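Heads up, input.txt below (compact mmCIF, C-alpha atoms and all ligand atoms):
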# COMPACT_ATOMS: atom_id res chain seq x y z
CA MET A 124 2.22 -3.77 15.21
CA VAL A 125 2.70 -1.46 12.26
CA LYS A 126 0.26 -1.98 9.41
CA ALA A 127 1.38 -1.28 5.83
CA SER A 128 -1.02 -0.63 2.97
CA VAL A 129 -0.79 0.11 -0.72
CA TYR A 130 -3.34 2.38 -2.43
CA ILE A 131 -2.48 2.61 -6.10
CA ALA A 132 -3.88 2.80 -9.62
CA THR A 133 -2.71 0.76 -12.58
CA SER A 134 -3.59 0.54 -16.23
CA LEU A 135 -5.44 -2.65 -17.10
CA ASP A 136 -2.12 -4.02 -18.34
CA GLY A 137 -0.52 -3.43 -14.96
CA PHE A 138 1.49 -0.23 -15.29
CA ILE A 139 1.66 2.63 -12.80
CA ALA A 140 3.30 5.08 -15.23
CA ARG A 141 4.53 5.25 -18.80
CA PRO A 142 8.19 4.30 -19.38
CA ASP A 143 9.21 7.96 -18.88
CA GLY A 144 7.09 8.23 -15.72
CA ALA A 145 4.22 10.12 -17.38
CA LEU A 146 0.82 9.86 -15.70
CA ASP A 147 -1.31 11.56 -18.40
CA TRP A 148 -3.36 8.39 -18.93
CA LEU A 149 -4.68 8.72 -15.36
CA ASN A 150 -6.38 12.01 -16.18
CA GLY A 151 -9.71 12.70 -17.80
CA TRP A 152 -11.81 9.94 -16.30
CA GLN A 153 -15.21 11.38 -15.51
CA ALA A 154 -16.02 10.57 -11.90
CA SER A 155 -19.69 10.73 -10.88
CA ALA A 156 -20.94 11.84 -7.46
CA GLN A 157 -21.19 8.17 -6.54
CA ASP A 158 -17.56 7.64 -7.53
CA GLY A 159 -16.43 10.42 -5.20
CA ASP A 160 -12.70 10.29 -4.64
CA TYR A 161 -12.46 6.50 -4.88
CA GLY A 162 -11.96 6.25 -1.12
CA TYR A 163 -8.69 8.17 -1.24
CA GLN A 164 -9.34 10.66 1.56
CA ALA A 165 -10.70 8.01 3.93
CA PHE A 166 -7.61 5.94 3.23
CA MET A 167 -5.29 8.92 3.74
CA ASP A 168 -7.02 9.73 7.02
CA SER A 169 -6.22 6.22 8.24
CA VAL A 170 -2.45 6.41 7.66
CA ASP A 171 0.14 8.27 9.67
CA VAL A 172 3.30 7.83 7.57
CA ILE A 173 3.72 7.79 3.79
CA VAL A 174 6.66 5.78 2.47
CA ILE A 175 7.64 6.54 -1.12
CA GLY A 176 10.49 5.59 -3.40
CA ARG A 177 12.84 8.26 -4.70
CA ALA A 178 11.30 8.07 -8.20
CA THR A 179 7.80 8.72 -6.87
CA PHE A 180 9.19 11.55 -4.74
CA GLU A 181 10.59 13.18 -7.88
CA THR A 182 7.21 12.91 -9.60
CA VAL A 183 5.44 14.41 -6.61
CA LEU A 184 7.94 17.29 -6.53
CA SER A 185 7.25 18.00 -10.20
CA PHE A 186 3.58 18.71 -9.32
CA GLY A 187 4.86 21.99 -7.90
CA GLN A 188 2.82 21.81 -4.73
CA TRP A 189 3.66 19.42 -1.90
CA PRO A 190 0.46 17.35 -1.55
CA TYR A 191 0.98 15.61 1.77
CA ALA A 192 0.11 16.88 5.22
CA LYS A 193 1.74 13.91 6.94
CA LYS A 194 5.17 12.60 7.67
CA VAL A 195 6.82 11.21 4.51
CA VAL A 196 9.74 8.83 4.32
CA VAL A 197 11.62 8.85 1.01
CA LEU A 198 13.59 5.68 0.39
CA SER A 199 16.82 6.06 -1.54
CA SER A 200 20.36 4.76 -1.58
CA ARG A 201 21.51 8.23 -2.65
CA PRO A 202 22.38 11.15 -0.41
CA ALA A 203 19.45 13.44 0.38
CA PRO A 204 19.17 16.38 -2.02
CA ASP A 205 18.22 19.86 -0.88
CA LEU A 206 14.61 19.33 0.01
CA PRO A 207 11.92 21.88 -0.78
CA LEU A 208 11.39 24.26 2.11
CA LEU A 209 7.71 23.47 2.48
CA ALA A 210 8.34 19.77 2.83
CA GLN A 211 11.55 19.80 4.85
CA GLU A 212 9.97 19.28 8.23
CA GLN A 213 7.87 16.37 7.08
CA ILE A 214 10.44 14.38 5.14
CA GLU A 215 12.84 11.77 6.38
CA TRP A 216 15.27 10.56 3.68
CA LEU A 217 16.42 7.01 4.45
CA GLY A 218 18.27 4.12 2.85
CA LEU A 219 16.90 1.30 4.95
CA ALA A 220 15.63 -2.13 3.93
CA PRO A 221 11.85 -2.51 4.45
CA ARG A 222 12.11 -4.50 7.71
CA ALA A 223 14.61 -2.07 9.22
CA LEU A 224 12.43 0.84 8.14
CA VAL A 225 9.31 -0.64 9.73
CA ASP A 226 11.23 -1.21 12.98
CA HIS A 227 12.56 2.37 12.83
CA LEU A 228 9.07 3.81 12.31
CA ALA A 229 7.52 1.54 14.94
CA ALA A 230 10.02 2.91 17.45
CA GLN A 231 8.73 6.39 16.55
CA GLY A 232 5.15 5.27 17.22
CA ALA A 233 3.98 4.83 13.63
CA GLN A 234 0.88 2.70 13.22
CA HIS A 235 -0.22 2.66 9.60
CA LEU A 236 2.09 3.15 6.60
CA TYR A 237 1.04 4.07 3.07
CA VAL A 238 3.66 2.45 0.85
CA ASP A 239 3.87 3.94 -2.66
CA GLY A 240 5.98 3.53 -5.81
CA GLY A 241 6.48 0.37 -7.84
CA LYS A 242 9.93 -0.75 -6.69
CA THR A 243 9.17 0.29 -3.16
CA VAL A 244 5.95 -1.72 -3.05
CA GLN A 245 7.80 -4.71 -4.53
CA GLY A 246 10.45 -4.49 -1.80
CA PHE A 247 7.83 -4.45 0.94
CA LEU A 248 5.89 -7.30 -0.67
CA ASN A 249 8.99 -9.47 -0.91
CA ALA A 250 9.76 -8.73 2.73
CA GLY A 251 6.24 -9.91 3.67
CA LEU A 252 5.39 -6.50 5.10
CA ILE A 253 2.31 -5.46 3.12
CA ASP A 254 -1.00 -6.08 4.86
CA ASP A 255 -3.38 -4.94 2.17
CA ILE A 256 -3.49 -3.53 -1.35
CA ILE A 257 -6.25 -1.27 -2.61
CA LEU A 258 -5.79 -1.56 -6.34
CA THR A 259 -7.75 0.61 -8.75
CA ARG A 260 -7.63 -0.64 -12.30
CA ILE A 261 -8.10 2.00 -15.00
CA PRO A 262 -9.73 0.62 -18.15
CA ILE A 263 -6.91 1.53 -20.49
CA LEU A 264 -4.06 -0.39 -22.09
CA ILE A 265 -0.86 1.64 -22.38
CA GLY A 266 1.32 -1.17 -23.68
CA ALA A 267 4.52 -0.34 -21.85
CA GLY A 268 5.55 1.36 -18.66
CA ILE A 269 6.68 1.01 -15.08
CA PRO A 270 5.05 -2.10 -13.61
CA LEU A 271 3.44 -2.25 -10.20
CA PHE A 272 4.53 -5.83 -9.64
CA GLY A 273 7.80 -7.54 -10.48
CA ALA A 274 9.97 -10.45 -9.51
CA VAL A 275 9.02 -12.17 -6.28
CA THR A 276 11.25 -14.11 -3.94
CA HIS A 277 8.34 -16.42 -3.06
CA ASP A 278 4.69 -16.80 -4.07
CA ILE A 279 2.57 -14.14 -2.44
CA ARG A 280 -1.07 -15.11 -1.92
CA LEU A 281 -3.79 -12.52 -1.55
CA HIS A 282 -7.46 -12.61 -0.61
CA ALA A 283 -9.83 -10.36 -2.52
CA ILE A 284 -11.92 -8.72 0.20
CA GLU A 285 -14.10 -6.28 -1.72
CA THR A 286 -14.49 -5.08 -5.30
CA ARG A 287 -16.24 -1.87 -6.31
CA GLN A 288 -17.03 -0.78 -9.84
CA PHE A 289 -17.31 2.94 -10.50
CA ASP A 290 -19.26 4.88 -13.12
CA SER A 291 -15.96 6.05 -14.59
CA GLY A 292 -15.16 2.42 -15.47
CA MET A 293 -12.54 2.02 -12.77
CA VAL A 294 -12.63 -1.18 -10.76
CA GLN A 295 -11.19 -1.15 -7.26
CA THR A 296 -10.35 -4.27 -5.30
CA ARG A 297 -9.01 -4.48 -1.78
CA TYR A 298 -6.74 -7.47 -1.29
CA CYS A 299 -5.32 -8.72 1.99
CA CYS A 300 -1.92 -10.36 1.81
CA VAL A 301 -1.71 -13.79 3.34
CA LYS A 302 1.23 -13.75 5.73
CA ARG A 303 3.68 -16.61 5.44
CA GLU A 304 4.22 -18.93 8.37
CA THR A 305 7.70 -18.28 9.72
N1 LIG J 401 -0.28 5.02 -10.74
C1 LIG J 401 -0.06 5.35 -9.48
O1 LIG J 401 -1.00 5.33 -8.64
C2 LIG J 401 1.34 5.68 -9.05
C3 LIG J 401 1.64 5.68 -7.68
C4 LIG J 401 2.96 5.93 -7.28
C5 LIG J 401 3.95 6.17 -8.23
N2 LIG J 401 3.61 6.19 -9.54
C6 LIG J 401 4.64 6.43 -10.56
O2 LIG J 401 5.55 5.35 -10.53
C7 LIG J 401 6.85 5.80 -10.90
C8 LIG J 401 7.87 5.40 -9.84
O3 LIG J 401 7.84 4.02 -9.59
P1 LIG J 401 9.21 3.18 -9.56
O4 LIG J 401 8.86 1.74 -9.48
O5 LIG J 401 10.07 3.65 -10.65
O6 LIG J 401 9.92 3.67 -8.27
P2 LIG J 401 9.77 4.06 -6.73
O7 LIG J 401 9.44 2.89 -5.91
O8 LIG J 401 8.95 5.28 -6.59
O9 LIG J 401 11.29 4.49 -6.49
C9 LIG J 401 12.32 3.56 -6.71
C10 LIG J 401 13.53 4.04 -5.99
O10 LIG J 401 13.26 4.09 -4.59
C11 LIG J 401 14.44 3.81 -3.89
N3 LIG J 401 14.21 2.67 -2.98
C12 LIG J 401 13.13 1.85 -2.93
N4 LIG J 401 13.26 0.99 -1.91
C13 LIG J 401 14.45 1.27 -1.31
C14 LIG J 401 15.14 0.75 -0.18
N5 LIG J 401 14.63 -0.24 0.58
N6 LIG J 401 16.34 1.27 0.15
C15 LIG J 401 16.88 2.30 -0.57
N7 LIG J 401 16.25 2.85 -1.65
C16 LIG J 401 15.06 2.34 -1.99
C17 LIG J 401 15.55 3.58 -4.89
O11 LIG J 401 16.07 4.88 -5.10
P3 LIG J 401 17.60 5.20 -5.51
O12 LIG J 401 17.71 4.85 -6.96
O13 LIG J 401 17.71 6.67 -5.25
O14 LIG J 401 18.49 4.37 -4.61
C18 LIG J 401 14.75 3.14 -6.12
O15 LIG J 401 15.42 3.36 -7.34
C19 LIG J 401 6.76 7.31 -11.03
O16 LIG J 401 6.61 7.64 -12.39
C20 LIG J 401 5.48 7.65 -10.27
O17 LIG J 401 4.85 8.80 -10.70
C21 LIG J 401 2.34 5.94 -9.96
Conversion result in structure tokens:
Amino acid sequence: MVKASVYIATSLDGFIARPDGALDWLNGWQASAQDGDYGYQAFMDSVDVIVIGRATFETVLSFGQWPYAKKVVVLSSRPAPDLPLLAQEQIEWLGLAPRALVDHLAAQGAQHLYVDGGKTVQGFLNAGLIDDIILTRIPILIGAGIPLFGAVTHDIRLHAIETRQFDSGMVQTRYCCVKRET
């Protein structure tokens, strides 16, 4: 069984980026020693494949330095562009629906996916393929932007498992998705 998790930060009003994709509002929060890295490295250590949407891929590329040391799948309906040399070996560029992608990765031995990017997360949620969501809410209202959540094809129930409040003001909750009876 492949597990799929989301680890993501939103503004208090639910956005993952400004309308133009800017992430400036995520910067400048003073983390204390207790805050650490908000559990990011422990989470990253637990995953073996990162699945990102094409828009998130473009943002990551703009950082100038490829940040992942794991296999990355970029989802897109477009043909693959020339990928940066450093990342070439790690990236698989695919246009598969979430279920087909999970089956494809399971056949390769994948065990734990990190699913990232708003539309991508929404696609996996609607397909009933997300197991848990680690959601860090940043105490800021940005008024407009790219939403984490969107239209759903059915109600999706979640259980709040744990909530941590950090000195920076961020509040992180881990939710487990309740799987639908099929
Ligand atoms: N706050 C945070 O923690 C956080 C985390 C991640 C990302 N972000 C930000 O969020 C923004 C991107 O989010 P987003 O919602 O716009 O997009 P996204 O999910 O990153 O990318 C959307 C694109 O992914 C492709 N895609 C997704 N599922 C697909 C599927 N099953 N089959 C084929 N293609 C698929 C499509 O690309 P094509 O159009 O090429 O077909 C779609 O337009 C960026 O600004 C990024 O920096 C923020």
Gap from atom N2 of ligand LIG 401 (chain J) to CA of Gly137 in chain A - Å, one decimal: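 If I compute the distance from atom N2 of ligand LIG 401 (chain J) to CA of Gly137 in chain A, I get 11.8 Å.
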Contact table chain A vs ligand LIG 401 (chain J), cut-off 6 Å, shortest pair per residue, only C-alpha atoms and all ligand atoms, as JSON lines:
{"residue": "A:Ile131", "atom": "CA", "partner": "J:LIG401", "partner_atom": "O1", "distance": 4.0}
{"residue": "A:Ala132", "atom": "CA", "partner": "J:LIG401", "partner_atom": "O1", "distance": 4.0}
{"residue": "A:Thr133", "atom": "CA", "partner": "J:LIG401", "partner_atom": "N1", "distance": 5.2}
{"residue": "A:Ile139", "atom": "CA", "partner": "J:LIG401", "partner_atom": "N1", "distance": 3.7}
{"residue": "A:Ala140", "atom": "CA", "partner": "J:LIG401", "partner_atom": "C6", "distance": 5.0}
{"residue": "A:Gly144", "atom": "CA", "partner": "J:LIG401", "partner_atom": "O16", "distance": 3.4}
{"residue": "A:Ile175", "atom": "CA", "partner": "J:LIG401", "partner_atom": "O8", "distance": 5.8}
{"residue": "A:Gly176", "atom": "CA", "partner": "J:LIG401", "partner_atom": "O10", "distance": 3.4}
{"residue": "A:Arg177", "atom": "CA", "partner": "J:LIG401", "partner_atom": "O10", "distance": 4.2}
{"residue": "A:Ala178", "atom": "CA", "partner": "J:LIG401", "partner_atom": "O9", "distance": 4.0}
{"residue": "A:Thr179", "atom": "CA", "partner": "J:LIG401", "partner_atom": "O8", "distance": 3.6}
{"residue": "A:Thr182", "atom": "CA", "partner": "J:LIG401", "partner_atom": "O17", "distance": 4.9}
{"residue": "A:Leu198", "atom": "CA", "partner": "J:LIG401", "partner_atom": "C16", "distance": 4.4}
{"residue": "A:Ser199", "atom": "CA", "partner": "J:LIG401", "partner_atom": "N7", "distance": 3.3}
{"residue": "A:Ser200", "atom": "CA", "partner": "J:LIG401", "partner_atom": "O14", "distance": 3.6}
{"residue": "A:Arg201", "atom": "CA", "partner": "J:LIG401", "partner_atom": "O13", "distance": 4.9}
{"residue": "A:Gly218", "atom": "CA", "partner": "J:LIG401", "partner_atom": "C15", "distance": 4.1}
{"residue": "A:Leu219", "atom": "CA", "partner": "J:LIG401", "partner_atom": "N6", "distance": 4.8}
{"residue": "A:Ala220", "atom": "CA", "partner": "J:LIG401", "partner_atom": "N5", "distance": 4.0}
{"residue": "A:Pro221", "atom": "CA", "partner": "J:LIG401", "partner_atom": "N5", "distance": 5.3}
{"residue": "A:Asp239", "atom": "CA", "partner": "J:LIG401", "partner_atom": "C4", "distance": 5.1}
{"residue": "A:Gly240", "atom": "CA", "partner": "J:LIG401", "partner_atom": "O7", "distance": 3.5}
{"residue": "A:Gly241", "atom": "CA", "partner": "J:LIG401", "partner_atom": "O4", "distance": 3.2}
{"residue": "A:Lys242", "atom": "CA", "partner": "J:LIG401", "partner_atom": "O7", "distance": 3.8}
{"residue": "A:Thr243", "atom": "CA", "partner": "J:LIG401", "partner_atom": "O7", "distance": 3.8}
Using CA of Gln157 in chain A and CA of Ile284 in chain A as the two end points, give the distance in Å to one decimal. 20.4 Å
Give me, please, the distance in Å between CA of Val196 in chain A and CA of Lys302 in chain A, quoted to one decimal.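 Value for the CA of Val196 in chain A-CA of Lys302 in chain A distance: 24.2 Å.
Of the residues under consideration (A:Ala223, A:Thr276, A:Leu217, A:Val174), A:Val174 shows the shortest atom-to-atom contact distance to Val129 in chain A when counting only C-alpha atoms.
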